[in-house]
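Report on the following structure.
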Amino acid sequence: MKKFINNPLFSGSVVMVGGSLLVNVINYGYHLVMGRVMGPTDYGVLASIYSVLYMVSVVPISTSVSIVKFISSAESMEEKRVVYRELRKLIWRIAVIASVFMIIITPVLAKFLHIDDIFSVLLVAPILFMSLVTLVNQSAMQGLLKFMGMVGPNFVSAVIKFLVGFLLVMMGYSVGGAVMGVLVAVFLAYLLSERLAQDLKKNVKSAGRFELDKFIKFSIPVLVQALAFTSFFTIDVILVKHYFSSFDTGLYAALSTLGKIIYFAAQPVASVMFPVISGKKARGESFRHTFYMAFVLTFVISLGVVLIYYLFADLAIGILYGKHYLAVKAELVWMGVFVSLLTLNYLVVNFLLSIGRVKVVILPFVASLAQFVGIVVWHKSILGVIQVSIVTSISLMIFLFLYLGIMKYRLRK
C-alpha cells in the first residue's frame, strides 16, 4: 500500500486530479453562471469564441507536451535548466508570430461565425500570447514532476476569469466583458508561473546548448495530435454556430460544456502519465503497468460521469443551466459517451507519444478530418452532430488498439 501511495503516478495524479477538479469546478460554475445571466443566444456567441480559443490553443498545448518530454528526459538539473532556457526563447518567438497571425484573420473569423462584435474576437490574440508564455513555465514544472507549478496558475486563471468576467457582464459589457475577463486572468496566471519557475532560471555553470531541432522534430507530430483532439472538442461548436442559430448554439454549448467535465476530470491522469512513462523509457525501465493503471483510472472516471448524466439529465441541465436548456436533455448522455471515448483515445495517443511512437498522430488527425466532413454533410439536428462525433471516436479507438496490437507483436519478435 505504501509503495502504491509513493508511486509518482499516484501522488502526481492526486495533485493533478485534485487541483484540476477544483479548477474545473470553478470553470464549470463560470459557464453555468454565464449561461444563465447571458441566455442561450449570447452564451452561444461566447461559446463559439471559446471554441476559437480552444482551437488556437493547439500551439501552446503541443509545445507543452514537448516541453514536458524533454525536461523530464534531461538527466541533471543543470541540463534541465539549459533545455528550459532554449525552449523559453523559442516559445516567445512563436507567441509573437501566432498572435500577429490571429489579429490578421480576425475579420474573416468573425464573419464566418456571424459575430458582429469584432473586438471580442480580436481579444483572442493577446490571450493566445499570454497562454503560450505561461505554459512554457507550467510545462517545465510538470516535467520536473512539480505538479503544483501546473495547477497553481490554472487556479488563479479560473478564479480571476470568473470574478472579472462576471463583473463586466453584469456591468453590461456582455460577451466582450466575458472575454476581457479571460485576458486579465491569463496575465495574472503568467505572473504566478514566472514566480514558480524561478529555480529553472538560475544561471547554469556550463555553456551547453539544447538542440532545438530535436524539439521541433518531436513537436510537429505532437502539434498534429493536439490539432486533432482540439478539433474534436471545438470544430463541432464552431460548425454548429455556422449552421445553426445562436440560440441553438447556446443549447449545444451547454451540452458540450457538460461533456467536457468528463475530459477535464480524467485528462490529468494522462498529464501525469506522460512524464512518468517518458522518464522510465529514457532510463530503460518497464512502463507497461503504469499505462494499464492510467487507462483503468481514466475509464472509471469517465464511466462514473456518464452514469450520472444518464440518471440525472434533468438535474444536470435543468437546475444548473436553467429551464431554457432542457430541450436538449435527451442528448446529454450521448455527449457523455462521445467525450468518454475521446478521453480514452487521448490517453492512448499520449502513451504512444511518450515512448516515441510519433507516427500514431496520423490516426487522430484523419479521424478529426472525418468528423469535420461528417458534420458538414450531416447536421440536420444537434443529435446528428453528436452521433457523427461518436462514430469517428469509435473508429479511432479501433485503429488505436490495432496499432497497439501490432506494436506489441513486433516487440515480441
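In the C-alpha cells, chains take letters A, B, ... by order of appearance, with residues numbered from 1 within each chain and ligands from 1 in the order shown.
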
Once you count only C-alpha atoms, what closest atom pair and distance in Å to one decimal does each residue of range 154-238 of chain A within 12 Å of range 250-255 of chain A have, with rows by chain and rising residue number, as CSV?
```
residue,atom,partner,partner_atom,distance
A:Phe233,CA,A:Ala253,CA,10.8
A:Thr234,CA,A:Ala253,CA,10.0
A:Ile235,CA,A:Ala253,CA,11.8
A:Asp236,CA,A:Tyr252,CA,9.1
A:Val237,CA,A:Ala253,CA,6.7
A:Ile238,CA,A:Ala253,CA,9.9
```

Take the residues just selected and output them with N, CA and C atoms as a PDB file, in the first residue's frame.
```pdb
ATOM      1  N   PHE A 233     -13.004  18.720 -30.017  1.00  0.00           N
ATOM      2  CA  PHE A 233     -13.729  19.442 -28.977  1.00  0.00           C
ATOM      3  C   PHE A 233     -14.309  20.769 -29.452  1.00  0.00           C
ATOM      4  N   THR A 234     -13.799  21.306 -30.541  1.00  0.00           N
ATOM      5  CA  THR A 234     -14.152  22.675 -30.904  1.00  0.00           C
ATOM      6  C   THR A 234     -14.832  22.826 -32.254  1.00  0.00           C
ATOM      7  N   ILE A 235     -14.449  22.002 -33.210  1.00  0.00           N
ATOM      8  CA  ILE A 235     -14.989  22.187 -34.558  1.00  0.00           C
ATOM      9  C   ILE A 235     -16.491  21.963 -34.579  1.00  0.00           C
ATOM     10  N   ASP A 236     -16.982  21.108 -33.667  1.00  0.00           N
ATOM     11  CA  ASP A 236     -18.428  20.882 -33.627  1.00  0.00           C
ATOM     12  C   ASP A 236     -19.167  22.150 -33.216  1.00  0.00           C
ATOM     13  N   VAL A 237     -18.662  22.847 -32.181  1.00  0.00           N
ATOM     14  CA  VAL A 237     -19.308  24.083 -31.730  1.00  0.00           C
ATOM     15  C   VAL A 237     -19.201  25.166 -32.800  1.00  0.00           C
ATOM     16  N   ILE A 238     -18.033  25.259 -33.440  1.00  0.00           N
ATOM     17  CA  ILE A 238     -17.839  26.261 -34.492  1.00  0.00           C
ATOM     18  C   ILE A 238     -18.785  26.012 -35.659  1.00  0.00           C
TER      19      ILE A 238
END
```

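Checking A:Val136, A:Asn154, A:Ser174, A:Pro126 one by one against Val83 in chain A, counting only C-alpha atoms, you find the shortest gap at A:Val136.
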
A straight line from CA of Met102 in chain A to CA of Asn27 in chain A spans 24.5 Å

Next on the checklist: Just want the 9 Å neighbourhood of range 214-226 of chain A, counted on only C-alpha atoms, with same-chain residues fewer than 5 positions away dropped. Output as a ChimeraX atom specification.
Outcome noted: /A:57-59,61-63,65-67,70,87,231,346,349-350,353,356,358-365

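For the set A:Val269, A:Ile394, A:Met77, A:Ile308, the residue with the smallest atom-to-atom gap to Gly18 in chain A is A:Val269, counting only C-alpha atoms.
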
Would you list the contacts of Gly149 in chain A as a PDB file with N, CA and C atoms, in the first residue's frame, taking every protein, DNA or RNA residue within 9 Å and counting only C-alpha atoms, but skipping same-chain residues closer than 6 positions in sequence?
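Result file out.pdb:
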```pdb
ATOM      1  N   ASN A 137       6.351  27.830 -18.719  1.00  0.00           N
ATOM      2  CA  ASN A 137       6.703  27.663 -17.305  1.00  0.00           C
ATOM      3  C   ASN A 137       5.954  26.492 -16.675  1.00  0.00           C
ATOM      4  N   GLN A 138       4.659  26.403 -16.952  1.00  0.00           N
ATOM      5  CA  GLN A 138       3.859  25.317 -16.384  1.00  0.00           C
ATOM      6  C   GLN A 138       4.368  23.950 -16.840  1.00  0.00           C
ATOM      7  N   SER A 139       4.676  23.840 -18.114  1.00  0.00           N
ATOM      8  CA  SER A 139       5.120  22.557 -18.659  1.00  0.00           C
ATOM      9  C   SER A 139       6.473  22.153 -18.106  1.00  0.00           C
ATOM     10  N   ALA A 140       7.350  23.138 -17.918  1.00  0.00           N
ATOM     11  CA  ALA A 140       8.658  22.844 -17.339  1.00  0.00           C
ATOM     12  C   ALA A 140       8.504  22.298 -15.924  1.00  0.00           C
ATOM     13  N   MET A 141       7.604  22.882 -15.147  1.00  0.00           N
ATOM     14  CA  MET A 141       7.360  22.399 -13.787  1.00  0.00           C
ATOM     15  C   MET A 141       6.748  21.003 -13.802  1.00  0.00           C
ATOM     16  N   GLN A 142       5.883  20.744 -14.758  1.00  0.00           N
ATOM     17  CA  GLN A 142       5.301  19.412 -14.889  1.00  0.00           C
ATOM     18  C   GLN A 142       6.371  18.393 -15.238  1.00  0.00           C
ATOM     19  N   LEU A 192       2.248  34.497 -11.913  1.00  0.00           N
ATOM     20  CA  LEU A 192       2.454  33.440 -10.920  1.00  0.00           C
ATOM     21  C   LEU A 192       3.387  32.360 -11.454  1.00  0.00           C
ATOM     22  N   SER A 193       3.223  31.990 -12.722  1.00  0.00           N
ATOM     23  CA  SER A 193       4.073  30.943 -13.302  1.00  0.00           C
ATOM     24  C   SER A 193       5.532  31.369 -13.334  1.00  0.00           C
ATOM     25  N   LEU A 196       6.891  30.752  -9.835  1.00  0.00           N
ATOM     26  CA  LEU A 196       7.049  29.334  -9.516  1.00  0.00           C
ATOM     27  C   LEU A 196       8.225  28.697 -10.259  1.00  0.00           C
ATOM     28  N   ALA A 197       8.596  29.275 -11.394  1.00  0.00           N
ATOM     29  CA  ALA A 197       9.668  28.694 -12.206  1.00  0.00           C
ATOM     30  C   ALA A 197      11.025  29.340 -11.944  1.00  0.00           C
TER      31      ALA A 197
END
```

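In this comparison, which uses only C-alpha atoms, the residue of A:Lys323, A:Lys260, A:His242, A:Arg195 approaching Lys111 in chain A most closely is A:His242.
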